$ cat my_file-v9.cif   # mmCIF, C-alpha atoms, pLDDT in the B column; chains and numbers go by the auth columns
data_final
loop_
_atom_site.group_PDB
_atom_site.id
_atom_site.type_symbol
_atom_site.label_atom_id
_atom_site.label_comp_id
_atom_site.label_asym_id
_atom_site.label_seq_id
_atom_site.Cartn_x
_atom_site.Cartn_y
_atom_site.Cartn_z
_atom_site.B_iso_or_equiv
_atom_site.auth_seq_id
_atom_site.auth_asym_id
ATOM 1 C CA MET A 1 1.388 48.488 15.066 65.00 1 A
ATOM 2 C CA GLN A 2 -1.993 49.004 13.380 77.00 2 A
ATOM 3 C CA ASN A 3 -2.229 50.974 10.168 84.00 3 A
ATOM 4 C CA ILE A 4 -4.328 54.116 10.571 86.00 4 A
ATOM 5 C CA LEU A 5 -4.567 54.514 6.803 90.00 5 A
ATOM 6 C CA GLU A 6 -4.564 51.900 4.034 92.00 6 A
ATOM 7 C CA LEU A 7 -4.482 52.654 0.328 95.00 7 A
ATOM 8 C CA LYS A 8 -5.996 49.848 -1.733 95.00 8 A
ATOM 9 C CA ASN A 9 -5.448 49.680 -5.507 95.00 9 A
ATOM 10 C CA ILE A 10 -5.472 53.445 -6.029 96.00 10 A
ATOM 11 C CA GLY A 11 -5.558 54.520 -9.671 95.00 11 A
ATOM 12 C CA TYR A 12 -5.757 57.936 -11.316 95.00 12 A
ATOM 13 C CA SER A 13 -5.525 59.362 -14.834 93.00 13 A
ATOM 14 C CA TYR A 14 -5.284 62.872 -16.246 89.00 14 A
ATOM 15 C CA HIS A 15 -7.704 63.725 -19.040 87.00 15 A
ATOM 16 C CA SER A 16 -7.273 66.332 -21.763 81.00 16 A
ATOM 17 C CA LEU A 17 -8.358 66.988 -25.329 82.00 17 A
ATOM 18 C CA GLN A 18 -5.307 64.985 -26.435 81.00 18 A
ATOM 19 C CA GLY A 19 -6.467 61.917 -24.523 83.00 19 A
ATOM 20 C CA GLU A 20 -5.845 60.106 -21.258 85.00 20 A
ATOM 21 C CA THR A 21 -2.564 59.993 -19.330 86.00 21 A
ATOM 22 C CA LYS A 22 -2.485 57.315 -16.659 90.00 22 A
ATOM 23 C CA ALA A 23 -0.607 58.568 -13.587 91.00 23 A
ATOM 24 C CA LEU A 24 -1.151 55.951 -10.859 94.00 24 A
ATOM 25 C CA GLU A 25 -2.037 52.273 -11.097 93.00 25 A
ATOM 26 C CA ASN A 26 -2.932 49.829 -8.306 94.00 26 A
ATOM 27 C CA ILE A 27 -1.104 51.759 -5.568 95.00 27 A
ATOM 28 C CA SER A 28 -1.442 49.879 -2.271 95.00 28 A
ATOM 29 C CA PHE A 29 0.288 50.462 1.057 95.00 29 A
ATOM 30 C CA GLY A 30 -0.525 51.192 4.691 94.00 30 A
ATOM 31 C CA VAL A 31 0.752 53.782 7.140 94.00 31 A
ATOM 32 C CA ALA A 32 1.003 52.996 10.851 92.00 32 A
ATOM 33 C CA GLU A 33 0.295 55.499 13.595 89.00 33 A
ATOM 34 C CA GLY A 34 3.434 57.514 14.365 90.00 34 A
ATOM 35 C CA GLU A 35 5.281 56.212 11.294 93.00 35 A
ATOM 36 C CA PHE A 36 7.377 58.465 9.051 93.00 36 A
ATOM 37 C CA VAL A 37 7.042 57.257 5.442 95.00 37 A
ATOM 38 C CA ALA A 38 8.965 58.712 2.494 95.00 38 A
ATOM 39 C CA VAL A 39 7.599 58.260 -1.031 95.00 39 A
ATOM 40 C CA ALA A 40 10.219 58.579 -3.762 93.00 40 A
ATOM 41 C CA GLY A 41 10.317 57.912 -7.485 89.00 41 A
ATOM 42 C CA PRO A 42 11.180 59.336 -10.918 87.00 42 A
ATOM 43 C CA SER A 43 10.263 62.916 -11.742 84.00 43 A
ATOM 44 C CA GLY A 44 6.720 63.152 -13.065 82.00 44 A
ATOM 45 C CA CYS A 45 5.645 59.725 -11.805 85.00 45 A
ATOM 46 C CA GLY A 46 2.677 61.058 -9.820 87.00 46 A
ATOM 47 C CA LYS A 47 4.068 61.455 -6.295 90.00 47 A
ATOM 48 C CA SER A 48 2.321 64.778 -5.685 89.00 48 A
ATOM 49 C CA THR A 49 -0.867 63.448 -7.269 92.00 49 A
ATOM 50 C CA LEU A 50 -0.814 60.607 -4.770 93.00 50 A
ATOM 51 C CA LEU A 51 -0.456 63.082 -1.911 92.00 51 A
ATOM 52 C CA SER A 52 -3.392 65.109 -3.240 92.00 52 A
ATOM 53 C CA ILE A 53 -5.503 61.951 -3.229 94.00 53 A
ATOM 54 C CA ILE A 54 -4.510 61.109 0.337 93.00 54 A
ATOM 55 C CA SER A 55 -5.310 64.668 1.434 90.00 55 A
ATOM 56 C CA GLY A 56 -8.759 64.495 -0.163 89.00 56 A
ATOM 57 C CA LEU A 57 -8.097 67.294 -2.674 90.00 57 A
ATOM 58 C CA ILE A 58 -8.841 64.924 -5.552 92.00 58 A
ATOM 59 C CA GLU A 59 -10.661 61.606 -5.679 93.00 59 A
ATOM 60 C CA PRO A 60 -9.057 58.434 -7.061 93.00 60 A
ATOM 61 C CA GLU A 61 -10.639 56.961 -10.166 94.00 61 A
ATOM 62 C CA THR A 62 -10.195 53.456 -8.811 94.00 62 A
ATOM 63 C CA GLY A 63 -9.438 51.989 -5.403 94.00 63 A
ATOM 64 C CA THR A 64 -10.233 53.079 -1.865 93.00 64 A
ATOM 65 C CA ILE A 65 -8.607 54.505 1.258 92.00 65 A
ATOM 66 C CA ALA A 66 -9.524 52.673 4.452 89.00 66 A
ATOM 67 C CA VAL A 67 -9.295 54.337 7.880 85.00 67 A
ATOM 68 C CA ASN A 68 -8.506 52.465 11.092 79.00 68 A
ATOM 69 C CA ASN A 69 -8.621 54.970 13.930 70.00 69 A
ATOM 70 C CA PRO A 70 -7.286 53.714 17.294 68.00 70 A
ATOM 71 C CA ASP A 71 -10.594 54.666 18.954 68.00 71 A
ATOM 72 C CA GLY A 72 -12.585 52.648 16.425 66.00 72 A
ATOM 73 C CA SER A 73 -14.196 55.681 14.791 67.00 73 A
ATOM 74 C CA LEU A 74 -14.540 55.974 11.030 65.00 74 A
ATOM 75 C CA HIS A 75 -13.749 59.669 10.602 76.00 75 A
ATOM 76 C CA TYR A 76 -10.888 60.575 8.263 82.00 76 A
ATOM 77 C CA PRO A 77 -7.742 61.707 10.111 80.00 77 A
ATOM 78 C CA ARG A 78 -7.196 65.449 10.429 86.00 78 A
ATOM 79 C CA VAL A 79 -4.705 66.224 7.675 90.00 79 A
ATOM 80 C CA GLY A 80 -2.022 68.901 7.608 89.00 80 A
ATOM 81 C CA TYR A 81 -0.575 69.564 4.128 89.00 81 A
ATOM 82 C CA MET A 82 2.746 71.393 3.734 85.00 82 A
ATOM 83 C CA LEU A 83 3.627 72.378 0.164 80.00 83 A
ATOM 84 C CA GLN A 84 6.996 72.948 -1.521 76.00 84 A
ATOM 85 C CA ARG A 85 6.761 76.738 -1.110 79.00 85 A
ATOM 86 C CA ASP A 86 6.056 78.450 2.187 82.00 86 A
ATOM 87 C CA HIS A 87 3.220 80.638 0.778 89.00 87 A
ATOM 88 C CA LEU A 88 3.543 83.120 3.639 92.00 88 A
ATOM 89 C CA PHE A 89 1.748 86.445 3.206 95.00 89 A
ATOM 90 C CA GLU A 90 4.090 89.430 3.250 95.00 90 A
ATOM 91 C CA TRP A 91 1.413 91.779 4.630 94.00 91 A
ATOM 92 C CA ARG A 92 1.102 89.611 7.762 96.00 92 A
ATOM 93 C CA THR A 93 3.682 89.172 10.498 96.00 93 A
ATOM 94 C CA ILE A 94 5.120 85.717 11.095 96.00 94 A
ATOM 95 C CA TYR A 95 2.797 85.312 14.087 96.00 95 A
ATOM 96 C CA LYS A 96 -0.232 86.364 12.026 95.00 96 A
ATOM 97 C CA ASN A 97 0.851 83.924 9.299 95.00 97 A
ATOM 98 C CA VAL A 98 1.166 80.924 11.604 95.00 98 A
ATOM 99 C CA ILE A 99 -2.268 81.488 13.204 95.00 99 A
ATOM 100 C CA LEU A 100 -4.005 81.952 9.838 94.00 100 A
ATOM 101 C CA GLY A 101 -5.432 78.422 9.837 92.00 101 A
ATOM 102 C CA LEU A 102 -6.763 78.895 13.351 93.00 102 A
ATOM 103 C CA GLU A 103 -8.479 82.124 12.272 93.00 103 A
ATOM 104 C CA ILE A 104 -10.080 80.540 9.209 92.00 104 A
ATOM 105 C CA ASN A 105 -11.318 77.540 11.185 90.00 105 A
ATOM 106 C CA HIS A 106 -12.509 79.634 14.151 91.00 106 A
ATOM 107 C CA MET A 107 -10.155 77.803 16.507 91.00 107 A
ATOM 108 C CA MET A 108 -8.484 80.752 18.243 92.00 108 A
ATOM 109 C CA THR A 109 -8.709 79.217 21.701 94.00 109 A
ATOM 110 C CA ARG A 110 -6.332 79.908 24.565 93.00 110 A
ATOM 111 C CA GLU A 111 -4.993 76.355 24.332 94.00 111 A
ATOM 112 C CA ARG A 112 -4.328 76.574 20.590 93.00 112 A
ATOM 113 C CA LEU A 113 -2.590 79.927 20.864 95.00 113 A
ATOM 114 C CA ALA A 114 -0.461 78.636 23.729 95.00 114 A
ATOM 115 C CA TYR A 115 0.497 75.690 21.505 93.00 115 A
ATOM 116 C CA VAL A 116 1.528 78.113 18.736 95.00 116 A
ATOM 117 C CA ASP A 117 3.681 80.026 21.229 95.00 117 A
ATOM 118 C CA GLN A 118 5.382 76.770 22.212 93.00 118 A
ATOM 119 C CA LEU A 119 5.972 75.825 18.577 92.00 119 A
ATOM 120 C CA LEU A 120 7.503 79.240 17.854 94.00 120 A
ATOM 121 C CA PHE A 121 9.862 78.689 20.768 93.00 121 A
ATOM 122 C CA ASP A 122 10.709 75.098 19.805 88.00 122 A
ATOM 123 C CA TYR A 123 11.428 76.081 16.203 87.00 123 A
ATOM 124 C CA GLY A 124 13.539 79.089 17.168 90.00 124 A
ATOM 125 C CA LEU A 125 11.128 81.703 15.825 93.00 125 A
ATOM 126 C CA ASP A 126 9.798 83.224 19.045 93.00 126 A
ATOM 127 C CA LYS A 127 12.057 86.282 18.634 94.00 127 A
ATOM 128 C CA PHE A 128 10.883 86.784 15.033 95.00 128 A
ATOM 129 C CA ARG A 129 7.120 86.636 15.575 94.00 129 A
ATOM 130 C CA GLU A 130 6.624 90.315 14.637 95.00 130 A
ATOM 131 C CA LYS A 131 8.895 90.161 11.572 95.00 131 A
ATOM 132 C CA ARG A 132 7.649 89.995 7.982 96.00 132 A
ATOM 133 C CA PRO A 133 8.440 86.960 5.788 95.00 133 A
ATOM 134 C CA SER A 134 10.926 88.954 3.685 94.00 134 A
ATOM 135 C CA GLU A 135 13.011 89.516 6.821 95.00 135 A
ATOM 136 C CA LEU A 136 13.535 85.778 7.372 92.00 136 A
ATOM 137 C CA SER A 137 15.829 83.263 5.689 88.00 137 A
ATOM 138 C CA GLY A 138 14.423 80.493 3.513 85.00 138 A
ATOM 139 C CA GLY A 139 14.881 77.931 6.273 84.00 139 A
ATOM 140 C CA MET A 140 13.108 80.119 8.823 89.00 140 A
ATOM 141 C CA LYS A 141 10.185 80.648 6.456 90.00 141 A
ATOM 142 C CA GLN A 142 9.838 76.877 6.017 86.00 142 A
ATOM 143 C CA ARG A 143 9.755 76.521 9.796 88.00 143 A
ATOM 144 C CA ALA A 144 6.997 79.123 9.954 92.00 144 A
ATOM 145 C CA ALA A 145 5.032 77.285 7.263 90.00 145 A
ATOM 146 C CA LEU A 146 5.323 74.066 9.241 89.00 146 A
ATOM 147 C CA ILE A 147 4.146 75.766 12.455 91.00 147 A
ATOM 148 C CA ARG A 148 1.117 77.066 10.530 93.00 148 A
ATOM 149 C CA THR A 149 0.391 73.463 9.527 91.00 149 A
ATOM 150 C CA LEU A 150 0.966 71.998 12.999 91.00 150 A
ATOM 151 C CA ALA A 151 -1.121 74.687 14.731 91.00 151 A
ATOM 152 C CA LEU A 152 -4.286 72.807 13.724 90.00 152 A
ATOM 153 C CA ASP A 153 -2.914 69.668 15.416 89.00 153 A
ATOM 154 C CA PRO A 154 -3.260 67.312 12.417 90.00 154 A
ATOM 155 C CA GLN A 155 -3.208 63.555 12.952 88.00 155 A
ATOM 156 C CA LEU A 156 -1.602 62.988 9.544 91.00 156 A
ATOM 157 C CA LEU A 157 1.093 65.319 8.217 91.00 157 A
ATOM 158 C CA LEU A 158 1.673 65.410 4.450 93.00 158 A
ATOM 159 C CA LEU A 159 4.923 66.983 3.236 91.00 159 A
ATOM 160 C CA ASP A 160 5.303 67.610 -0.498 90.00 160 A
ATOM 161 C CA GLU A 161 9.060 68.059 -1.046 85.00 161 A
ATOM 162 C CA PRO A 162 9.093 70.650 1.759 78.00 162 A
ATOM 163 C CA PHE A 163 12.817 71.415 1.479 76.00 163 A
ATOM 164 C CA SER A 164 13.270 71.472 -2.305 75.00 164 A
ATOM 165 C CA ALA A 165 13.238 75.277 -2.539 68.00 165 A
ATOM 166 C CA LEU A 166 16.268 75.585 -0.236 74.00 166 A
ATOM 167 C CA ASP A 167 19.932 75.516 -1.234 73.00 167 A
ATOM 168 C CA TYR A 168 21.701 72.230 -0.480 74.00 168 A
ATOM 169 C CA GLN A 169 23.483 73.243 2.727 75.00 169 A
ATOM 170 C CA THR A 170 20.393 74.909 4.188 74.00 170 A
ATOM 171 C CA ARG A 171 18.301 71.941 3.108 76.00 171 A
ATOM 172 C CA LEU A 172 20.504 69.511 5.029 76.00 172 A
ATOM 173 C CA MET A 173 20.367 71.556 8.217 74.00 173 A
ATOM 174 C CA VAL A 174 16.687 72.513 8.054 74.00 174 A
ATOM 175 C CA SER A 175 15.430 69.048 7.092 77.00 175 A
ATOM 176 C CA ALA A 176 17.369 67.463 9.945 76.00 176 A
ATOM 177 C CA ASP A 177 16.135 70.048 12.452 75.00 177 A
ATOM 178 C CA ILE A 178 12.503 70.078 11.339 76.00 178 A
ATOM 179 C CA CYS A 179 12.176 66.303 11.087 77.00 179 A
ATOM 180 C CA ARG A 180 13.664 65.887 14.561 76.00 180 A
ATOM 181 C CA LEU A 181 11.018 68.232 15.914 76.00 181 A
ATOM 182 C CA ILE A 182 8.253 66.491 13.953 80.00 182 A
ATOM 183 C CA ARG A 183 9.302 63.126 15.362 80.00 183 A
ATOM 184 C CA ASN A 184 9.116 64.559 18.871 79.00 184 A
ATOM 185 C CA THR A 185 5.416 65.268 18.278 81.00 185 A
ATOM 186 C CA GLY A 186 4.740 61.618 17.379 83.00 186 A
ATOM 187 C CA LYS A 187 2.845 62.663 14.236 88.00 187 A
ATOM 188 C CA THR A 188 2.186 60.244 11.401 92.00 188 A
ATOM 189 C CA VAL A 189 4.017 61.598 8.338 93.00 189 A
ATOM 190 C CA ILE A 190 4.002 60.927 4.602 95.00 190 A
ATOM 191 C CA MET A 191 6.729 62.876 2.815 93.00 191 A
ATOM 192 C CA ILE A 192 7.262 63.176 -0.936 93.00 192 A
ATOM 193 C CA THR A 193 10.889 63.561 -1.992 90.00 193 A
ATOM 194 C CA HIS A 194 13.044 63.065 -5.080 86.00 194 A
ATOM 195 C CA ASP A 195 16.185 62.743 -2.926 87.00 195 A
ATOM 196 C CA LEU A 196 17.006 59.144 -1.953 91.00 196 A
ATOM 197 C CA SER A 197 19.524 60.247 0.691 89.00 197 A
ATOM 198 C CA GLU A 198 16.881 62.450 2.294 88.00 198 A
ATOM 199 C CA ALA A 199 14.330 59.635 2.193 90.00 199 A
ATOM 200 C CA ILE A 200 16.689 57.154 3.881 92.00 200 A
ATOM 201 C CA SER A 201 18.003 59.534 6.538 87.00 201 A
ATOM 202 C CA LEU A 202 14.594 60.886 7.604 87.00 202 A
ATOM 203 C CA SER A 203 12.103 58.044 7.319 90.00 203 A
ATOM 204 C CA ASP A 204 11.145 54.731 8.881 92.00 204 A
ATOM 205 C CA ARG A 205 10.228 53.297 5.482 95.00 205 A
ATOM 206 C CA VAL A 206 10.813 54.270 1.855 96.00 206 A
ATOM 207 C CA ILE A 207 8.149 53.522 -0.745 96.00 207 A
ATOM 208 C CA LEU A 208 9.637 53.681 -4.244 95.00 208 A
ATOM 209 C CA LEU A 209 7.316 54.295 -7.176 94.00 209 A
ATOM 210 C CA SER A 210 8.005 53.357 -10.781 92.00 210 A
ATOM 211 C CA LYS A 211 7.811 55.663 -13.784 90.00 211 A
ATOM 212 C CA ARG A 212 4.331 56.639 -15.007 86.00 212 A
ATOM 213 C CA PRO A 213 1.911 54.970 -14.701 89.00 213 A
ATOM 214 C CA ALA A 214 3.326 54.581 -11.211 92.00 214 A
ATOM 215 C CA VAL A 215 3.143 51.335 -9.293 94.00 215 A
ATOM 216 C CA VAL A 216 4.836 50.494 -5.991 95.00 216 A
ATOM 217 C CA LYS A 217 8.193 48.962 -6.978 93.00 217 A
ATOM 218 C CA VAL A 218 9.505 48.341 -3.493 93.00 218 A
ATOM 219 C CA GLN A 219 8.769 49.120 0.154 95.00 219 A
ATOM 220 C CA MET A 220 11.994 49.244 2.168 95.00 220 A
ATOM 221 C CA PRO A 221 11.971 49.497 5.988 95.00 221 A
ATOM 222 C CA ILE A 222 14.878 51.628 7.194 93.00 222 A
ATOM 223 C CA GLN A 223 16.832 50.564 10.274 90.00 223 A
ATOM 224 C CA LEU A 224 20.021 52.484 10.919 84.00 224 A
ATOM 225 C CA THR A 225 22.305 51.576 13.819 82.00 225 A
ATOM 226 C CA LEU A 226 24.204 54.517 15.290 71.00 226 A
ATOM 227 C CA ALA A 227 24.528 56.251 18.624 54.00 227 A
ATOM 228 C CA ASP A 228 23.435 59.613 17.237 60.00 228 A
ATOM 229 C CA ASP A 229 20.037 59.163 15.590 61.00 229 A
ATOM 230 C CA SER A 230 19.914 62.602 13.970 63.00 230 A
ATOM 231 C CA PRO A 231 19.128 62.726 10.229 62.00 231 A
ATOM 232 C CA LEU A 232 22.538 64.240 9.462 68.00 232 A
ATOM 233 C CA ALA A 233 24.386 61.509 11.351 69.00 233 A
ATOM 234 C CA ALA A 234 22.207 58.890 9.651 74.00 234 A
ATOM 235 C CA ARG A 235 24.113 59.433 6.407 79.00 235 A
ATOM 236 C CA ASN A 236 27.200 57.989 8.105 77.00 236 A
ATOM 237 C CA ALA A 237 25.437 54.866 9.354 84.00 237 A
ATOM 238 C CA PRO A 238 26.983 51.602 8.093 85.00 238 A
ATOM 239 C CA GLU A 239 23.644 50.551 6.535 90.00 239 A
ATOM 240 C CA PHE A 240 23.051 53.837 4.713 89.00 240 A
ATOM 241 C CA GLN A 241 25.032 53.009 1.583 91.00 241 A
ATOM 242 C CA TYR A 242 23.361 49.599 1.298 92.00 242 A
ATOM 243 C CA TYR A 243 19.889 51.156 1.331 93.00 243 A
ATOM 244 C CA PHE A 244 20.956 53.836 -1.132 93.00 244 A
ATOM 245 C CA ASN A 245 22.463 51.309 -3.561 93.00 245 A
ATOM 246 C CA GLN A 246 19.377 49.069 -3.421 93.00 246 A
ATOM 247 C CA LEU A 247 16.967 51.935 -4.050 93.00 247 A
ATOM 248 C CA TRP A 248 19.177 53.441 -6.759 92.00 248 A
ATOM 249 C CA GLU A 249 19.369 50.106 -8.556 91.00 249 A
ATOM 250 C CA GLU A 250 15.580 49.741 -8.441 90.00 250 A
ATOM 251 C CA LEU A 251 15.112 53.311 -9.624 86.00 251 A
ATOM 252 C CA ASN A 252 17.449 52.934 -12.590 84.00 252 A
ATOM 253 C CA SER A 253 16.289 49.479 -13.613 79.00 253 A
ATOM 254 C CA GLU A 254 13.799 51.316 -15.837 64.00 254 A
ATOM 255 C CA GLY A 255 16.509 53.495 -17.323 53.00 255 A
ATOM 256 C CA LYS A 256 15.078 56.714 -15.950 47.00 256 A
ATOM 257 C CA GLU A 257 16.787 59.108 -13.579 42.00 257 A
ATOM 258 C CA MET A 258 14.961 61.072 -10.894 43.00 258 A
#
$ encode --input "my_file-v9.cif" --output "structure tokens"
Amino acid sequence: MQNILELKNIGYSYHSLQGETKALENISFGVAEGEFVAVAGPSGCGKSTLLSIISGLIEPETGTIAVNNPDGSLHYPRVGYMLQRDHLFEWRTIYKNVILGLEINHMMTRERLAYVDQLLFDYGLDKFREKRPSELSGGMKQRAALIRTLALDPQLLLLDEPFSALDYQTRLMVSADICRLIRNTGKTVIMITHDLSEAISLSDRVILLSKRPAVVKVQMPIQLTLADDSPLAARNAPEFQYYFNQLWEELNSEGKEM
């Protein structure tokens, strides 16, 4: 399958009065259409910085990002960026929150609004559309934040530790549910996570970064064999422990925990 996005030798440094701090160095990898890629690595290694570069929020100091659209065009893929916090506005209902992007971009068409209605139904929020964010659980608010992102129909979905604000039990359930729904859309996804188990159970490939300045230590395709392909069941797959041990060994070869 052809890569729709290719990062080539991406480098980035932070600059302050105290000097330069190199965050990323020669980062290179591709992402195929419809692929779910998890990027993991030590805390502070530049994972979120990398996502900001891919989204276009900041420019790399070195390297390039090449685009290979299936139709041969050179436009950058439409990007949806979901942050760690839901950032829902309390003065707006859930429905008004999820259509905010459509309002800002003047895309309030009948088709788009019908798509939002379908997403609210699929994500179990159709009965809560007139509620305020404070009336919803943490998991429900993350679902609403994702619907707000998907409403613009992005080609590339960027998830920056989207479940980290949830307690462990809720995180397991919500991540499994949301990622199942995302996969059903066929979206191309790059997800940042510090949780190796989450990376293995949700993704098609794990890209492990080193400590700062981050380089790509290993790219590990994930192939789990089980009848139930849900993310929760994936943790019981016979290959799961092998992948976890390999990634954990690579991660700790530098003597730094996540």
$ resolve_selection --input "my_file-v9.cif" --expression "the PyMOL selection byres ((chain A and resi 186) around 9)" --output "list in words"
Glu33, Gly34, Glu35, Ile182, Arg183, Asn184, Thr185, Lys187 and Thr188 of chain A
$ atom_distance --input "my_file-v9.cif" --atom1 "atom CA of Gln246 of chain A" --atom2 "atom CA of Val31 of chain A"
21.9 Å
$ resolve_selection --input "my_file-v9.cif" --expression "the PyMOL selection byres ((chain A and resi 199-213) around 8)" --output "MDAnalysis selection string"
chainID A and resid 22:25 35:47 176 179 193 195:198 214:223 231:232 234:235 240 243:244 247 251 254 256
$ atom_distance --input "my_file-v9.cif" --atom1 "atom CA of Asp177 of chain A" --atom2 "atom CA of Gly138 of chain A"
13.9 Å
$ atom_distance --input "my_file-v9.cif" --atom1 "atom CA of Asn97 of chain A" --atom2 "atom CA of Asp160 of chain A"
19.5 Å
$ resolve_selection --input "my_file-v9.cif" --expression "the PyMOL selection byres ((chain A and resi 132) around 8)" --output "number ranges by chain"
A: 90-94, 130-131, 133-136
$ closest_atom_pairs --input "my_file-v9.cif" --of "segment 131-248 of chain A" --to "segment 120-125 of chain A" --cutoff "9 Å" --atoms "only C-alpha atoms" --output "Markdown table"
| residue | atom | partner | partner_atom | distance |
| --- | --- | --- | --- | --- |
| A:Met140 | CA | A:Leu125 | CA | 7.4 |
| A:Arg143 | CA | A:Tyr123 | CA | 6.6 |
| A:Ala144 | CA | A:Leu125 | CA | 7.6 |
| A:Ile147 | CA | A:Leu120 | CA | 7.2 |
| A:Asp177 | CA | A:Tyr123 | CA | 8.5 |
| A:Ile178 | CA | A:Tyr123 | CA | 7.8 |
| A:Leu181 | CA | A:Tyr123 | CA | 7.9 |
$ residues_near_point --input "my_file-v9.cif" --point "(-0.9, 53.3, 11.8)" --cutoff "10 Å" --atoms "all atoms listed in the file" --output "ChimeraX atom specification"
/A:1-6,30-35,67-70,156,188
$ residues_around --input "my_file-v9.cif" --residues "Ile27 of chain A" --least-positions-apart "4" --cutoff "7 Å" --atoms "all atoms listed in the file" --output "PyMOL selection string"
chain A and resi 7-11+215-216
$ closest_residue --input "my_file-v9.cif" --among "A:Thr170, A:Phe128, A:His75, A:Pro60" --to "Lys96 of chain A" --atoms "only C-alpha atoms"
A:Phe128
$ residues_around --input "my_file-v9.cif" --residues "Glu161 of chain A" --least-positions-apart "5" --cutoff "9 Å" --atoms "all atoms listed in the file" --output "PDB file with C-alpha atoms, in the coordinates of the input"
ATOM      1  CA  SER A  48       2.321  64.778  -5.685  1.00 89.00           C
ATOM      2  CA  MET A  82       2.746  71.393   3.734  1.00 85.00           C
ATOM      3  CA  LEU A  83       3.627  72.378   0.164  1.00 80.00           C
ATOM      4  CA  GLN A  84       6.996  72.948  -1.521  1.00 76.00           C
ATOM      5  CA  ARG A  85       6.761  76.738  -1.110  1.00 79.00           C
ATOM      6  CA  MET A 191       6.729  62.876   2.815  1.00 93.00           C
ATOM      7  CA  ILE A 192       7.262  63.176  -0.936  1.00 93.00           C
ATOM      8  CA  THR A 193      10.889  63.561  -1.992  1.00 90.00           C
ATOM      9  CA  HIS A 194      13.044  63.065  -5.080  1.00 86.00           C
TER      10      HIS A 194
END
$ closest_residue --input "my_file-v9.cif" --among "A:Thr62, A:Ser52, A:Gln241, A:Thr149" --to "Leu100 of chain A" --atoms "only C-alpha atoms"
A:Thr149
$ build_atoms --input "my_file-v9.cif" --residues "segment 4-15 of chain A" --atoms "N, CA, C and O atoms" --output "CSV table (one decimal), in the coordinates of the input"
chain,number,residue,atom,x,y,z
A,4,ILE,N,-3.2,53.2,10.4
A,4,ILE,CA,-4.3,54.1,10.6
A,4,ILE,C,-4.9,54.5,9.2
A,4,ILE,O,-6.0,55.0,9.1
A,5,LEU,N,-4.1,54.2,8.2
A,5,LEU,CA,-4.6,54.5,6.8
A,5,LEU,C,-4.1,53.4,5.9
A,5,LEU,O,-2.9,53.0,6.0
A,6,GLU,N,-5.0,52.9,5.0
A,6,GLU,CA,-4.6,51.9,4.0
A,6,GLU,C,-5.1,52.3,2.6
A,6,GLU,O,-6.3,52.5,2.4
A,7,LEU,N,-4.1,52.4,1.7
A,7,LEU,CA,-4.5,52.7,0.3
A,7,LEU,C,-4.6,51.3,-0.4
A,7,LEU,O,-3.7,50.5,-0.3
A,8,LYS,N,-5.7,51.1,-1.1
A,8,LYS,CA,-6.0,49.8,-1.7
A,8,LYS,C,-6.3,50.1,-3.2
A,8,LYS,O,-7.3,50.6,-3.6
A,9,ASN,N,-5.3,49.7,-4.0
A,9,ASN,CA,-5.4,49.7,-5.5
A,9,ASN,C,-5.8,51.0,-6.1
A,9,ASN,O,-6.7,51.2,-6.9
A,10,ILE,N,-5.2,52.1,-5.6
A,10,ILE,CA,-5.5,53.4,-6.0
A,10,ILE,C,-5.0,53.7,-7.5
A,10,ILE,O,-3.9,53.3,-7.8
A,11,GLY,N,-5.9,54.2,-8.3
A,11,GLY,CA,-5.6,54.5,-9.7
A,11,GLY,C,-6.1,55.9,-10.0
A,11,GLY,O,-7.1,56.3,-9.5
A,12,TYR,N,-5.3,56.6,-10.9
A,12,TYR,CA,-5.8,57.9,-11.3
A,12,TYR,C,-5.2,58.3,-12.7
A,12,TYR,O,-4.0,57.9,-13.0
A,13,SER,N,-6.0,58.9,-13.5
A,13,SER,CA,-5.5,59.4,-14.8
A,13,SER,C,-5.9,60.8,-15.0
A,13,SER,O,-6.8,61.3,-14.5
A,14,TYR,N,-5.0,61.5,-15.8
A,14,TYR,CA,-5.3,62.9,-16.2
A,14,TYR,C,-6.0,62.8,-17.6
A,14,TYR,O,-5.6,62.0,-18.5
A,15,HIS,N,-7.0,63.7,-17.8
A,15,HIS,CA,-7.7,63.7,-19.0
A,15,HIS,C,-7.6,65.1,-19.7
A,15,HIS,O,-7.7,66.1,-19.0
